[in-house]
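Asker: One file: protein_16.cif (mmCIF, C-alpha atoms and all ligand atoms).
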data_work
#
loop_
_atom_site.label_atom_id
_atom_site.label_comp_id
_atom_site.auth_asym_id
_atom_site.auth_seq_id
_atom_site.Cartn_x
_atom_site.Cartn_y
_atom_site.Cartn_z
CA MET A 19 -21.15 -33.22 70.16
CA THR A 20 -21.38 -35.19 73.45
CA LYS A 21 -18.58 -37.68 73.96
CA LYS A 22 -19.61 -41.33 73.74
CA ILE A 23 -19.59 -43.46 76.88
CA LYS A 24 -16.48 -45.64 76.80
CA TRP A 25 -17.17 -49.24 77.80
CA GLY A 26 -14.77 -51.96 78.89
CA ILE A 27 -15.63 -55.67 79.02
CA ILE A 28 -14.20 -58.22 81.44
CA GLY A 29 -14.59 -61.91 80.49
CA PRO A 30 -15.26 -62.12 76.73
CA GLY A 31 -17.36 -65.30 76.68
CA LYS A 32 -20.80 -66.15 75.26
CA ILE A 33 -22.86 -63.38 76.79
CA ALA A 34 -20.13 -60.77 76.27
CA ASN A 35 -20.38 -61.46 72.52
CA LYS A 36 -24.13 -60.76 72.46
CA PHE A 37 -23.68 -57.69 74.64
CA ALA A 38 -20.85 -56.30 72.51
CA ALA A 39 -23.00 -56.67 69.38
CA ASP A 40 -25.54 -54.36 71.07
CA LEU A 41 -22.85 -51.89 72.16
CA VAL A 42 -21.96 -51.57 68.48
CA ILE A 43 -25.52 -50.42 67.64
CA SER A 44 -25.73 -48.02 70.59
CA LYS A 45 -24.82 -44.64 69.09
CA ASP A 46 -24.06 -43.27 72.54
CA SER A 47 -21.49 -46.00 73.34
CA VAL A 48 -18.11 -47.16 72.22
CA LEU A 49 -16.47 -50.47 73.11
CA TYR A 50 -13.13 -49.05 74.17
CA GLY A 51 -11.42 -52.07 75.71
CA VAL A 52 -11.65 -55.76 76.48
CA ALA A 53 -9.79 -57.88 79.03
CA SER A 54 -9.28 -61.62 78.98
CA ARG A 55 -6.94 -63.90 80.87
CA ASP A 56 -5.70 -64.73 77.36
CA LEU A 57 -4.47 -61.72 75.37
CA ASP A 58 -5.02 -63.42 71.99
CA LYS A 59 -8.65 -64.03 72.93
CA ALA A 60 -9.04 -60.37 73.93
CA LYS A 61 -7.50 -59.29 70.61
CA ALA A 62 -9.80 -61.56 68.58
CA PHE A 63 -12.85 -60.22 70.47
CA GLY A 64 -11.59 -56.64 70.10
CA GLU A 65 -11.18 -57.08 66.37
CA LYS A 66 -14.69 -58.52 66.02
CA TYR A 67 -16.38 -55.62 67.79
CA GLY A 68 -13.98 -52.76 67.11
CA ALA A 69 -12.31 -52.46 70.54
CA THR A 70 -8.82 -51.11 70.04
CA ASN A 71 -7.52 -51.66 73.58
CA CYS A 72 -6.93 -55.22 74.70
CA TYR A 73 -5.56 -56.36 78.04
CA SER A 74 -4.31 -59.68 79.40
CA SER A 75 -5.47 -58.87 82.92
CA TYR A 76 -8.75 -57.58 84.30
CA GLU A 77 -6.87 -55.12 86.55
CA GLN A 78 -5.15 -53.47 83.58
CA LEU A 79 -8.51 -52.70 82.01
CA ALA A 80 -9.89 -51.34 85.28
CA GLU A 81 -6.84 -49.06 85.62
CA ASP A 82 -7.28 -47.47 82.19
CA PRO A 83 -8.38 -43.89 82.96
CA GLU A 84 -10.18 -43.62 79.61
CA ILE A 85 -12.82 -46.20 80.51
CA ASP A 86 -16.15 -44.90 81.90
CA VAL A 87 -17.90 -48.16 82.75
CA ILE A 88 -17.05 -51.85 82.92
CA TYR A 89 -19.30 -54.76 82.04
CA ILE A 90 -18.47 -57.88 84.09
CA ALA A 91 -19.32 -61.05 82.14
CA THR A 92 -17.45 -63.75 84.05
CA PRO A 93 -19.12 -66.79 85.71
CA HIS A 94 -21.27 -66.00 88.78
CA VAL A 95 -18.65 -66.89 91.40
CA PHE A 96 -16.26 -64.21 90.11
CA HIS A 97 -18.76 -61.33 90.04
CA TYR A 98 -17.96 -60.31 93.61
CA GLU A 99 -14.19 -60.29 93.18
CA ASN A 100 -14.22 -58.66 89.72
CA THR A 101 -16.77 -56.01 90.66
CA MET A 102 -15.09 -55.12 93.95
CA MET A 103 -11.77 -54.72 92.14
CA CYS A 104 -13.33 -52.30 89.62
CA LEU A 105 -15.30 -50.34 92.23
CA LYS A 106 -12.18 -49.91 94.38
CA LYS A 107 -10.48 -48.38 91.35
CA GLY A 108 -13.38 -45.94 91.08
CA LYS A 109 -14.96 -47.52 88.01
CA ALA A 110 -18.69 -47.71 87.30
CA VAL A 111 -19.87 -51.31 86.84
CA LEU A 112 -22.64 -53.21 85.10
CA CYS A 113 -22.38 -56.69 86.61
CA GLU A 114 -23.97 -59.80 85.09
CA LYS A 115 -26.65 -61.61 87.06
CA PRO A 116 -26.62 -62.84 89.75
CA MET A 117 -24.69 -59.90 91.18
CA GLY A 118 -23.17 -62.22 93.79
CA ILE A 119 -23.73 -65.79 94.90
CA ASN A 120 -25.22 -64.76 98.25
CA SER A 121 -26.66 -61.68 99.95
CA ASP A 122 -23.49 -61.05 102.00
CA GLN A 123 -21.54 -60.56 98.78
CA VAL A 124 -24.18 -58.32 97.21
CA GLU A 125 -24.48 -56.22 100.36
CA GLU A 126 -20.73 -55.60 100.36
CA MET A 127 -20.71 -54.76 96.67
CA LEU A 128 -23.52 -52.22 97.10
CA GLN A 129 -21.79 -50.71 100.13
CA GLU A 130 -18.53 -50.38 98.19
CA ALA A 131 -20.29 -48.64 95.29
CA ALA A 132 -21.93 -46.24 97.76
CA LYS A 133 -18.58 -45.61 99.48
CA GLN A 134 -16.79 -44.94 96.18
CA LYS A 135 -19.78 -42.95 94.90
CA VAL A 136 -19.72 -44.85 91.62
CA PHE A 137 -22.48 -46.41 89.57
CA LEU A 138 -23.35 -50.08 90.01
CA MET A 139 -26.17 -52.10 88.46
CA GLU A 140 -27.00 -55.78 88.05
CA ALA A 141 -27.43 -56.71 84.38
CA ILE A 142 -31.07 -57.78 84.63
CA TRP A 143 -31.81 -56.77 81.05
CA THR A 144 -35.42 -57.96 81.44
CA ARG A 145 -36.25 -54.78 83.37
CA PHE A 146 -35.45 -52.60 80.34
CA ILE A 147 -37.04 -54.73 77.61
CA PRO A 148 -39.94 -52.68 76.12
CA ALA A 149 -42.41 -55.56 76.69
CA THR A 150 -41.59 -55.46 80.42
CA GLU A 151 -42.33 -51.72 80.43
CA LYS A 152 -45.66 -52.45 78.71
CA MET A 153 -46.50 -55.14 81.28
CA LEU A 154 -45.77 -52.68 84.10
CA ALA A 155 -47.91 -50.02 82.40
CA LEU A 156 -50.84 -52.47 82.08
CA LEU A 157 -50.54 -53.38 85.76
CA GLU A 158 -50.36 -49.71 86.67
CA GLN A 159 -53.57 -49.09 84.66
CA ASN A 160 -55.20 -51.91 86.65
CA ALA A 161 -55.89 -53.74 83.37
CA ILE A 162 -56.24 -57.14 85.08
CA GLY A 163 -57.50 -56.04 88.49
CA GLU A 164 -55.94 -57.54 91.58
CA VAL A 165 -53.08 -59.94 90.87
CA LEU A 166 -54.06 -63.38 92.13
CA PHE A 167 -51.09 -65.43 91.01
CA VAL A 168 -48.05 -65.46 88.71
CA HIS A 169 -46.81 -68.46 86.73
CA ALA A 170 -43.34 -68.36 85.20
CA ASP A 171 -40.92 -71.02 84.02
CA PHE A 172 -37.48 -71.04 82.44
CA GLY A 173 -35.99 -74.26 81.13
CA PHE A 174 -33.49 -75.48 78.57
CA LYS A 175 -31.53 -78.68 78.12
CA GLY A 176 -27.90 -78.16 79.11
CA ASP A 177 -25.07 -80.01 77.40
CA GLY A 178 -24.39 -82.21 80.44
CA ASN A 179 -20.72 -81.19 80.69
CA LEU A 180 -19.95 -81.54 84.39
CA GLU A 181 -17.06 -79.07 84.11
CA SER A 182 -19.14 -76.32 82.48
CA ARG A 183 -20.25 -73.32 84.51
CA LEU A 184 -23.82 -74.67 84.39
CA LEU A 185 -23.01 -77.83 86.35
CA ASN A 186 -19.69 -77.09 88.04
CA LYS A 187 -20.33 -76.15 91.66
CA LYS A 188 -17.03 -74.25 91.84
CA LEU A 189 -18.33 -71.98 89.06
CA GLY A 190 -21.72 -71.45 90.77
CA GLY A 191 -23.57 -74.08 88.69
CA GLY A 192 -27.26 -74.99 88.82
CA SER A 193 -30.50 -73.75 87.30
CA LEU A 194 -31.51 -71.46 90.16
CA LEU A 195 -28.70 -68.91 89.91
CA ASP A 196 -28.46 -69.09 86.14
CA ILE A 197 -32.09 -68.92 85.03
CA GLY A 198 -34.32 -69.35 88.11
CA ILE A 199 -33.34 -65.77 88.84
CA TYR A 200 -35.62 -64.59 85.98
CA PRO A 201 -38.95 -66.04 87.22
CA ILE A 202 -37.99 -64.92 90.73
CA TYR A 203 -37.19 -61.42 89.46
CA LEU A 204 -40.58 -61.25 87.69
CA SER A 205 -42.40 -62.28 90.86
CA LEU A 206 -40.51 -59.60 92.80
CA LEU A 207 -41.39 -56.96 90.23
CA VAL A 208 -45.08 -57.87 90.22
CA LEU A 209 -45.78 -59.04 93.77
CA GLY A 210 -42.90 -57.91 95.97
CA ILE A 211 -41.42 -59.97 98.78
CA PRO A 212 -43.21 -63.17 99.78
CA THR A 213 -43.92 -64.12 103.38
CA ASP A 214 -43.43 -67.87 102.81
CA ILE A 215 -41.39 -69.88 100.36
CA LYS A 216 -41.58 -73.56 99.54
CA ALA A 217 -39.15 -75.08 97.07
CA MET A 218 -38.09 -78.50 95.85
CA ALA A 219 -35.19 -79.42 93.62
CA ARG A 220 -33.41 -82.29 91.97
CA MET A 221 -29.68 -82.17 92.56
CA THR A 222 -26.93 -83.34 90.19
CA THR A 223 -23.94 -85.49 91.05
CA THR A 224 -22.06 -82.18 91.18
CA GLU A 225 -24.41 -81.05 93.98
CA VAL A 226 -26.14 -78.24 92.16
CA ASP A 227 -29.83 -78.04 91.20
CA SER A 228 -30.78 -79.23 87.72
CA TYR A 229 -34.48 -78.61 88.50
CA CYS A 230 -36.09 -76.24 90.95
CA SER A 231 -39.77 -75.69 91.64
CA MET A 232 -40.86 -72.79 93.83
CA LEU A 233 -44.08 -71.67 95.45
CA PHE A 234 -44.23 -68.20 96.99
CA ASN A 235 -47.02 -66.92 99.23
CA TYR A 236 -47.67 -63.21 99.92
CA SER A 237 -49.24 -61.35 102.81
CA ASN A 238 -52.27 -60.48 100.61
CA ASP A 239 -52.67 -64.20 99.78
CA SER A 240 -51.33 -63.85 96.20
CA LYS A 241 -49.11 -66.68 94.97
CA ALA A 242 -46.24 -67.22 92.55
CA ILE A 243 -45.55 -70.61 90.99
CA LEU A 244 -42.05 -70.60 89.51
CA GLU A 245 -39.78 -73.16 87.91
CA SER A 246 -36.28 -73.41 86.49
CA THR A 247 -34.45 -76.32 84.89
CA ILE A 248 -31.45 -77.20 82.81
CA GLU A 249 -32.84 -80.71 82.20
CA ALA A 250 -35.38 -79.92 79.47
CA LYS A 251 -36.69 -77.14 77.28
CA THR A 252 -39.86 -75.71 78.84
CA PRO A 253 -42.19 -73.03 77.41
CA THR A 254 -40.35 -70.23 79.24
CA GLU A 255 -43.49 -68.12 79.41
CA ALA A 256 -44.97 -66.00 82.14
CA CYS A 257 -48.63 -65.36 82.94
CA ILE A 258 -49.98 -62.90 85.43
CA TYR A 259 -53.49 -63.87 86.47
CA GLY A 260 -55.70 -61.14 87.88
CA SER A 261 -59.26 -60.82 89.11
CA GLU A 262 -60.24 -59.05 85.84
CA GLY A 263 -57.94 -60.64 83.26
CA THR A 264 -54.57 -62.08 82.33
CA ILE A 265 -51.28 -60.77 80.96
CA LYS A 266 -49.14 -63.28 79.11
CA LEU A 267 -45.49 -62.57 78.35
CA HIS A 268 -44.70 -64.81 75.41
CA SER A 269 -41.63 -67.00 75.21
CA ARG A 270 -38.99 -66.29 76.18
CA PHE A 271 -40.65 -64.11 78.74
CA HIS A 272 -37.47 -62.52 80.10
CA HIS A 273 -37.04 -60.76 76.75
CA ALA A 274 -40.51 -61.04 75.31
CA ASN A 275 -41.46 -59.28 72.09
CA LYS A 276 -45.14 -60.11 72.41
CA ILE A 277 -47.72 -59.66 75.17
CA THR A 278 -51.32 -60.86 75.21
CA LEU A 279 -53.82 -59.10 77.41
CA THR A 280 -57.05 -61.02 78.00
CA GLN A 281 -60.07 -59.21 79.47
CA ASN A 282 -63.55 -60.77 79.57
CA GLY A 283 -62.40 -63.49 77.16
CA VAL A 284 -61.24 -60.93 74.58
CA GLU A 285 -57.56 -61.05 73.61
CA GLU A 286 -55.47 -58.03 72.67
CA VAL A 287 -52.02 -58.75 71.31
CA PHE A 288 -49.15 -56.29 71.56
CA ASP A 289 -46.11 -56.88 69.37
CA ILE A 290 -43.33 -54.96 71.02
CA ASP A 291 -39.87 -55.40 69.57
CA TYR A 292 -36.64 -54.90 71.41
CA LYS A 293 -33.50 -53.58 69.74
CA GLY A 294 -30.56 -55.78 68.78
CA ASN A 295 -30.20 -58.78 71.07
CA GLY A 296 -32.15 -56.93 73.79
CA TYR A 297 -29.13 -55.76 75.78
CA PHE A 298 -29.30 -52.43 73.96
CA HIS A 299 -31.92 -51.19 76.43
CA GLU A 300 -29.90 -51.86 79.59
CA ILE A 301 -26.90 -50.23 77.89
CA GLU A 302 -28.98 -47.09 77.25
CA GLU A 303 -30.14 -47.09 80.88
CA VAL A 304 -26.56 -47.25 82.15
CA ASN A 305 -25.47 -44.50 79.75
CA ASN A 306 -28.36 -42.26 80.82
CA CYS A 307 -27.58 -42.81 84.51
CA LEU A 308 -23.90 -42.04 83.96
CA ARG A 309 -24.74 -38.85 82.04
CA GLN A 310 -26.91 -37.73 84.96
CA GLY A 311 -24.17 -38.57 87.48
CA LEU A 312 -26.35 -41.19 89.20
CA THR A 313 -24.87 -44.06 91.20
CA GLN A 314 -27.84 -46.36 90.73
CA SER A 315 -30.76 -46.83 88.37
CA SER A 316 -34.20 -45.97 89.72
CA LYS A 317 -35.60 -48.84 87.63
CA LEU A 318 -33.19 -51.38 89.06
CA PRO A 319 -32.02 -49.86 92.34
CA PHE A 320 -29.63 -51.38 94.89
CA THR A 321 -32.57 -52.40 97.10
CA LEU A 322 -34.01 -54.53 94.31
CA SER A 323 -30.78 -56.45 93.72
CA LEU A 324 -30.51 -57.03 97.45
CA ASP A 325 -34.14 -58.18 97.73
CA LEU A 326 -33.58 -60.50 94.75
CA ILE A 327 -30.50 -62.24 96.16
CA LYS A 328 -32.16 -62.51 99.58
CA LEU A 329 -35.04 -64.34 97.91
CA ILE A 330 -32.60 -66.61 96.09
CA ASP A 331 -30.85 -67.31 99.41
CA ARG A 332 -34.20 -68.35 100.92
CA VAL A 333 -34.80 -70.75 98.01
CA LYS A 334 -31.23 -72.10 98.31
CA ASN A 335 -31.91 -72.72 101.97
CA GLU A 336 -35.13 -74.62 101.16
CA ILE A 337 -33.43 -76.92 98.64
CA GLY A 338 -30.14 -77.34 100.52
CA LEU A 339 -28.00 -75.65 97.88
CA GLU A 340 -24.71 -74.30 99.19
CA TYR A 341 -21.73 -72.77 97.44
N1 LIG B 401 -28.04 -61.62 80.64
C1 LIG B 401 -28.08 -62.76 79.97
O1 LIG B 401 -28.90 -62.95 79.08
C2 LIG B 401 -27.07 -63.81 80.26
C3 LIG B 401 -26.99 -64.91 79.41
C4 LIG B 401 -25.98 -65.84 79.65
C5 LIG B 401 -25.14 -65.66 80.73
N2 LIG B 401 -25.27 -64.60 81.55
C6 LIG B 401 -24.39 -64.40 82.70
O2 LIG B 401 -23.11 -64.06 82.22
C7 LIG B 401 -22.11 -64.70 82.99
C8 LIG B 401 -21.16 -65.40 82.03
O3 LIG B 401 -21.85 -66.39 81.32
P1 LIG B 401 -21.34 -66.95 79.89
O4 LIG B 401 -22.33 -67.94 79.45
O5 LIG B 401 -21.00 -65.83 78.98
O6 LIG B 401 -20.02 -67.70 80.35
P2 LIG B 401 -18.76 -68.10 79.47
O7 LIG B 401 -19.11 -68.19 78.02
O8 LIG B 401 -18.15 -69.29 80.13
O9 LIG B 401 -17.79 -66.85 79.64
C9 LIG B 401 -17.30 -66.46 80.88
C10 LIG B 401 -16.00 -65.71 80.71
O10 LIG B 401 -15.49 -65.47 82.02
C11 LIG B 401 -14.07 -65.53 82.04
N3 LIG B 401 -13.59 -66.33 83.17
C12 LIG B 401 -12.84 -65.87 84.18
N4 LIG B 401 -12.52 -66.82 85.03
C13 LIG B 401 -13.05 -67.96 84.55
C14 LIG B 401 -13.02 -69.31 84.97
N5 LIG B 401 -12.35 -69.71 86.07
N6 LIG B 401 -13.68 -70.22 84.25
C15 LIG B 401 -14.36 -69.86 83.14
N7 LIG B 401 -14.40 -68.57 82.68
C16 LIG B 401 -13.74 -67.65 83.37
C17 LIG B 401 -13.65 -66.13 80.70
O11 LIG B 401 -12.99 -65.11 80.00
P3 LIG B 401 -11.40 -65.06 79.82
O12 LIG B 401 -10.88 -66.45 80.04
O13 LIG B 401 -11.31 -64.64 78.42
O14 LIG B 401 -10.89 -64.10 80.78
C18 LIG B 401 -14.94 -66.51 79.98
O15 LIG B 401 -14.93 -66.18 78.62
C19 LIG B 401 -22.81 -65.58 83.99
O16 LIG B 401 -22.78 -65.02 85.26
C20 LIG B 401 -24.26 -65.67 83.50
O17 LIG B 401 -25.22 -65.66 84.54
C21 LIG B 401 -26.22 -63.67 81.32
#
Show me this structure written as structure tokens.
Answerer:
Amino acid sequence: MTKKIKWGIIGPGKIANKFAADLVISKDSVLYGVASRDLDKAKAFGEKYGATNCYSSYEQLAEDPEIDVIYIATPHVFHYENTMMCLKKGKAVLCEKPMGINSDQVEEMLQEAAKQKVFLMEAIWTRFIPATEKMLALLEQNAIGEVLFVHADFGFKGDGNLESRLLNKKLGGGSLLDIGIYPIYLSLLVLGIPTDIKAMARMTTTEVDSYCSMLFNYSNDSKAILESTIEAKTPTEACIYGSEGTIKLHSRFHHANKITLTQNGVEEVFDIDYKGNGYFHEIEEVNNCLRQGLTQSSKLPFTLSLDLIKLIDRVKNEIGLEY
């Protein structure tokens, strides 16, 4: 029998809990270890998800020769430092989004992975959600003709805690990096890199964006109208409008389980479930890449993560957001 892929987790917070629950249902994976700055927290997390090895430092976990791949689930501003540390120790990494807080960081991270010849991927789980695959297949089949424009929004009401990672500038706060990345990613997947970007934001007293509205223009005259906010719950849907029809990714579009295709006024609904919390699919992708000895995923290659952060940098520049 093939040995299971042994995973380690750094930063057992909210998202790490959801991710670990999906590791448990992945037959090809085992949660081998977890590292927290607080050993008791690591032990409690380990007990919940069956990880027997707990560490009070991130370095200790990265130095464990048994571990095949490390999932980085710390706040955005630590992704660079945590990932670089793991890569330099020769460990494969799945790093939460955004991979870094600017393109310089991401470029260095990708270069380090290439130098060490180890696997690295940004945890954009959306790419591996079955509904996203269906959307791509419909576009490939030319089901809606030429794409004219894309609409996508992502909004929820944050708790207003100025110290939280959502609002704290030192932790990379703001809607753009946290959730604006999803509409931007969708636009990149569907339309590529825009020629022009216009963006407007509302800034908080902590000098991060609580609302960001973006308009992208492409060389073929297509458009993307994108929005992110932590001020209010918004539909969090995405629609791709084409010359011959429309594809709607139902809420929440970044892990949709329903797609509606409209052609000539006739609707066809596809119910497409994802497994577990939806992270299962990115876990399987990482495992498959590791088994094949790959250093990057062809579905979410280095170039895509770099293009994505470069786009985010352009939006940051438009709205005057600096970290
Ligand atoms: N893919 C998704 O669906 C999704 C959803 C939510 C968030 N995320 C991403 O996941 C990352 C973490 O988000 P989260 O909501 O899980 O955050 P969180 O609940 O605050 O957890 C972050 C963890 O990072 C560690 N950490 C290290 N240094 C820290 C510091 N100075 N301040 C706070 N925490 C620190 C903490 O673990 P220890 O103290 O135990 O070491 C903490 O548990 C973010 O980059 C976010 O973009 C992704």
Asker: Need the shell around region 322-324 of chain A: protein/DNA/RNA residues with any atom at most 12 Å away, counting all atoms listed in the file. Skip same-chain ones fewer than 4 positions apart. Format as a PDB file with C-alpha atoms, in the frame of the given file?
Answerer:
ATOM      1  CA  CYS A 113     -22.380 -56.690  86.610  1.00  0.00           C
ATOM      2  CA  GLU A 114     -23.970 -59.800  85.090  1.00  0.00           C
ATOM      3  CA  LYS A 115     -26.650 -61.610  87.060  1.00  0.00           C
ATOM      4  CA  PRO A 116     -26.620 -62.840  89.750  1.00  0.00           C
ATOM      5  CA  MET A 117     -24.690 -59.900  91.180  1.00  0.00           C
ATOM      6  CA  GLY A 118     -23.170 -62.220  93.790  1.00  0.00           C
ATOM      7  CA  ILE A 119     -23.730 -65.790  94.900  1.00  0.00           C
ATOM      8  CA  ASN A 120     -25.220 -64.760  98.250  1.00  0.00           C
ATOM      9  CA  SER A 121     -26.660 -61.680  99.950  1.00  0.00           C
ATOM     10  CA  ASP A 122     -23.490 -61.050 102.000  1.00  0.00           C
ATOM     11  CA  GLN A 123     -21.540 -60.560  98.780  1.00  0.00           C
ATOM     12  CA  VAL A 124     -24.180 -58.320  97.210  1.00  0.00           C
ATOM     13  CA  GLU A 125     -24.480 -56.220 100.360  1.00  0.00           C
ATOM     14  CA  GLU A 126     -20.730 -55.600 100.360  1.00  0.00           C
ATOM     15  CA  MET A 127     -20.710 -54.760  96.670  1.00  0.00           C
ATOM     16  CA  LEU A 128     -23.520 -52.220  97.100  1.00  0.00           C
ATOM     17  CA  GLN A 129     -21.790 -50.710 100.130  1.00  0.00           C
ATOM     18  CA  LEU A 138     -23.350 -50.080  90.010  1.00  0.00           C
ATOM     19  CA  MET A 139     -26.170 -52.100  88.460  1.00  0.00           C
ATOM     20  CA  GLU A 140     -27.000 -55.780  88.050  1.00  0.00           C
ATOM     21  CA  ALA A 141     -27.430 -56.710  84.380  1.00  0.00           C
ATOM     22  CA  ILE A 142     -31.070 -57.780  84.630  1.00  0.00           C
ATOM     23  CA  ARG A 145     -36.250 -54.780  83.370  1.00  0.00           C
ATOM     24  CA  ILE A 199     -33.340 -65.770  88.840  1.00  0.00           C
ATOM     25  CA  ILE A 202     -37.990 -64.920  90.730  1.00  0.00           C
ATOM     26  CA  TYR A 203     -37.190 -61.420  89.460  1.00  0.00           C
ATOM     27  CA  LEU A 204     -40.580 -61.250  87.690  1.00  0.00           C
ATOM     28  CA  SER A 205     -42.400 -62.280  90.860  1.00  0.00           C
ATOM     29  CA  LEU A 206     -40.510 -59.600  92.800  1.00  0.00           C
ATOM     30  CA  LEU A 207     -41.390 -56.960  90.230  1.00  0.00           C
ATOM     31  CA  GLY A 210     -42.900 -57.910  95.970  1.00  0.00           C
ATOM     32  CA  ILE A 211     -41.420 -59.970  98.780  1.00  0.00           C
ATOM     33  CA  GLN A 314     -27.840 -46.360  90.730  1.00  0.00           C
ATOM     34  CA  SER A 315     -30.760 -46.830  88.370  1.00  0.00           C
ATOM     35  CA  SER A 316     -34.200 -45.970  89.720  1.00  0.00           C
ATOM     36  CA  LYS A 317     -35.600 -48.840  87.630  1.00  0.00           C
ATOM     37  CA  LEU A 318     -33.190 -51.380  89.060  1.00  0.00           C
ATOM     38  CA  LYS A 328     -32.160 -62.510  99.580  1.00  0.00           C
ATOM     39  CA  LEU A 329     -35.040 -64.340  97.910  1.00  0.00           C
ATOM     40  CA  ILE A 330     -32.600 -66.610  96.090  1.00  0.00           C
ATOM     41  CA  ASP A 331     -30.850 -67.310  99.410  1.00  0.00           C
TER      42      ASP A 331
END
Asker: Throw together the list of residues within 7 Å of ligand LIG 401 (chain B), counting only C-alpha atoms and all ligand atoms, and drop it here as a PyMOL selection string.
Answerer: chain A and resi 28-34+53-56+59-60+91-94+96+114-116+141-143+183+189+196
Asker: Just C-alpha atoms for this one: save the residues we selected as a PDB file, keeping the file's coordinate frame.
Answerer:
ATOM      1  CA  ILE A  28     -14.200 -58.220  81.440  1.00  0.00           C
ATOM      2  CA  GLY A  29     -14.590 -61.910  80.490  1.00  0.00           C
ATOM      3  CA  PRO A  30     -15.260 -62.120  76.730  1.00  0.00           C
ATOM      4  CA  GLY A  31     -17.360 -65.300  76.680  1.00  0.00           C
ATOM      5  CA  LYS A  32     -20.800 -66.150  75.260  1.00  0.00           C
ATOM      6  CA  ILE A  33     -22.860 -63.380  76.790  1.00  0.00           C
ATOM      7  CA  ALA A  34     -20.130 -60.770  76.270  1.00  0.00           C
ATOM      8  CA  ALA A  53      -9.790 -57.880  79.030  1.00  0.00           C
ATOM      9  CA  SER A  54      -9.280 -61.620  78.980  1.00  0.00           C
ATOM     10  CA  ARG A  55      -6.940 -63.900  80.870  1.00  0.00           C
ATOM     11  CA  ASP A  56      -5.700 -64.730  77.360  1.00  0.00           C
ATOM     12  CA  LYS A  59      -8.650 -64.030  72.930  1.00  0.00           C
ATOM     13  CA  ALA A  60      -9.040 -60.370  73.930  1.00  0.00           C
ATOM     14  CA  ALA A  91     -19.320 -61.050  82.140  1.00  0.00           C
ATOM     15  CA  THR A  92     -17.450 -63.750  84.050  1.00  0.00           C
ATOM     16  CA  PRO A  93     -19.120 -66.790  85.710  1.00  0.00           C
ATOM     17  CA  HIS A  94     -21.270 -66.000  88.780  1.00  0.00           C
ATOM     18  CA  PHE A  96     -16.260 -64.210  90.110  1.00  0.00           C
ATOM     19  CA  GLU A 114     -23.970 -59.800  85.090  1.00  0.00           C
ATOM     20  CA  LYS A 115     -26.650 -61.610  87.060  1.00  0.00           C
ATOM     21  CA  PRO A 116     -26.620 -62.840  89.750  1.00  0.00           C
ATOM     22  CA  ALA A 141     -27.430 -56.710  84.380  1.00  0.00           C
ATOM     23  CA  ILE A 142     -31.070 -57.780  84.630  1.00  0.00           C
ATOM     24  CA  TRP A 143     -31.810 -56.770  81.050  1.00  0.00           C
ATOM     25  CA  ARG A 183     -20.250 -73.320  84.510  1.00  0.00           C
ATOM     26  CA  LEU A 189     -18.330 -71.980  89.060  1.00  0.00           C
ATOM     27  CA  ASP A 196     -28.460 -69.090  86.140  1.00  0.00           C
TER      28      ASP A 196
END
Asker: Would you please work out which residue, of A:Ile258, A:Ile27, A:Ala38, A:Cys104, is nearest to Ala161 (chain A) when using all atoms listed in the file?
Answerer: A:Ile258
Asker: Choose the residue, out of A:Met153, A:Ala131, A:Val87, A:Ala242, that has the smallest atom-to-atom separation from Phe320 (chain A); count only C-alpha atoms.
Answerer: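 When distances to Phe320 (chain A) are compared using only C-alpha atoms, the smallest one comes from A:Ala131.
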Asker: Skip Ile147 (chain A) itself and residues of its chain fewer than 4 positions away, then list as a PyMOL selection string all residues within 8 Å of it, counting only C-alpha atoms.
Answerer: chain A and resi 143+151+273-274+292+296+299-300
Asker: So, with only C-alpha atoms as the atoms that count, which of A:Leu41, A:Val48, A:Val226, A:Val168 lies closest to Leu185 (chain A)?
Answerer: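 Going through A:Leu41, A:Val48, A:Val226, A:Val168 one by one, the smallest distance to Leu185 (chain A) is for A:Val226.
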Asker: What is the distance, in Å and to one decimal place, between CA of Tyr73 (chain A) and CA of Met103 (chain A)?
Answerer: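 Atom-to-atom, CA of Tyr73 (chain A) and CA of Met103 (chain A) are spaced 15.5 Å apart.
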Asker: Take CA of Asn295 (chain A) and CA of Asp40 (chain A) and report the distance between them in Å, one decimal.
Answerer: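 If I compute the distance from CA of Asn295 (chain A) to CA of Asp40 (chain A), I get 6.4 Å.
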Asker: I'd like to know which of A:Pro319, A:Gly338, A:Gly294, A:Gly191 is closest to Phe37 (chain A), using all atoms listed in the file.
Answerer: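 Of A:Pro319, A:Gly338, A:Gly294, A:Gly191, the one nearest Phe37 (chain A), counting all atoms listed in the file, is A:Gly294.
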Asker: Given the choices A:Gly163, A:Pro253, A:Gly263, A:Gly311, which gets closest to Asp86 (chain A) if the distance is worked out from all atoms listed in the file?
Answerer: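 Going through A:Gly163, A:Pro253, A:Gly263, A:Gly311 one by one, the smallest distance to Asp86 (chain A) is for A:Gly311.
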Asker: CA of Val95 (chain A) and CA of Lys135 (chain A), how far apart in Å?
Answerer: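 A separation of 24.2 Å between them.
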Asker: Restricting the calculation to only C-alpha atoms, which member of A:Glu303, A:Lys334, A:Gly64, A:Glu262 is positioned closest to Asn160 (chain A)?
Answerer: A:Glu262
Asker: I'd like the contact shell of Leu184 (chain A) - 12 Å cut-off, only C-alpha atoms, skipping same-chain residues fewer than 3 positions apart - returned as a PyMOL selection string.
Answerer: chain A and resi 93-95+174-181+187-197+222+224-228+247-249
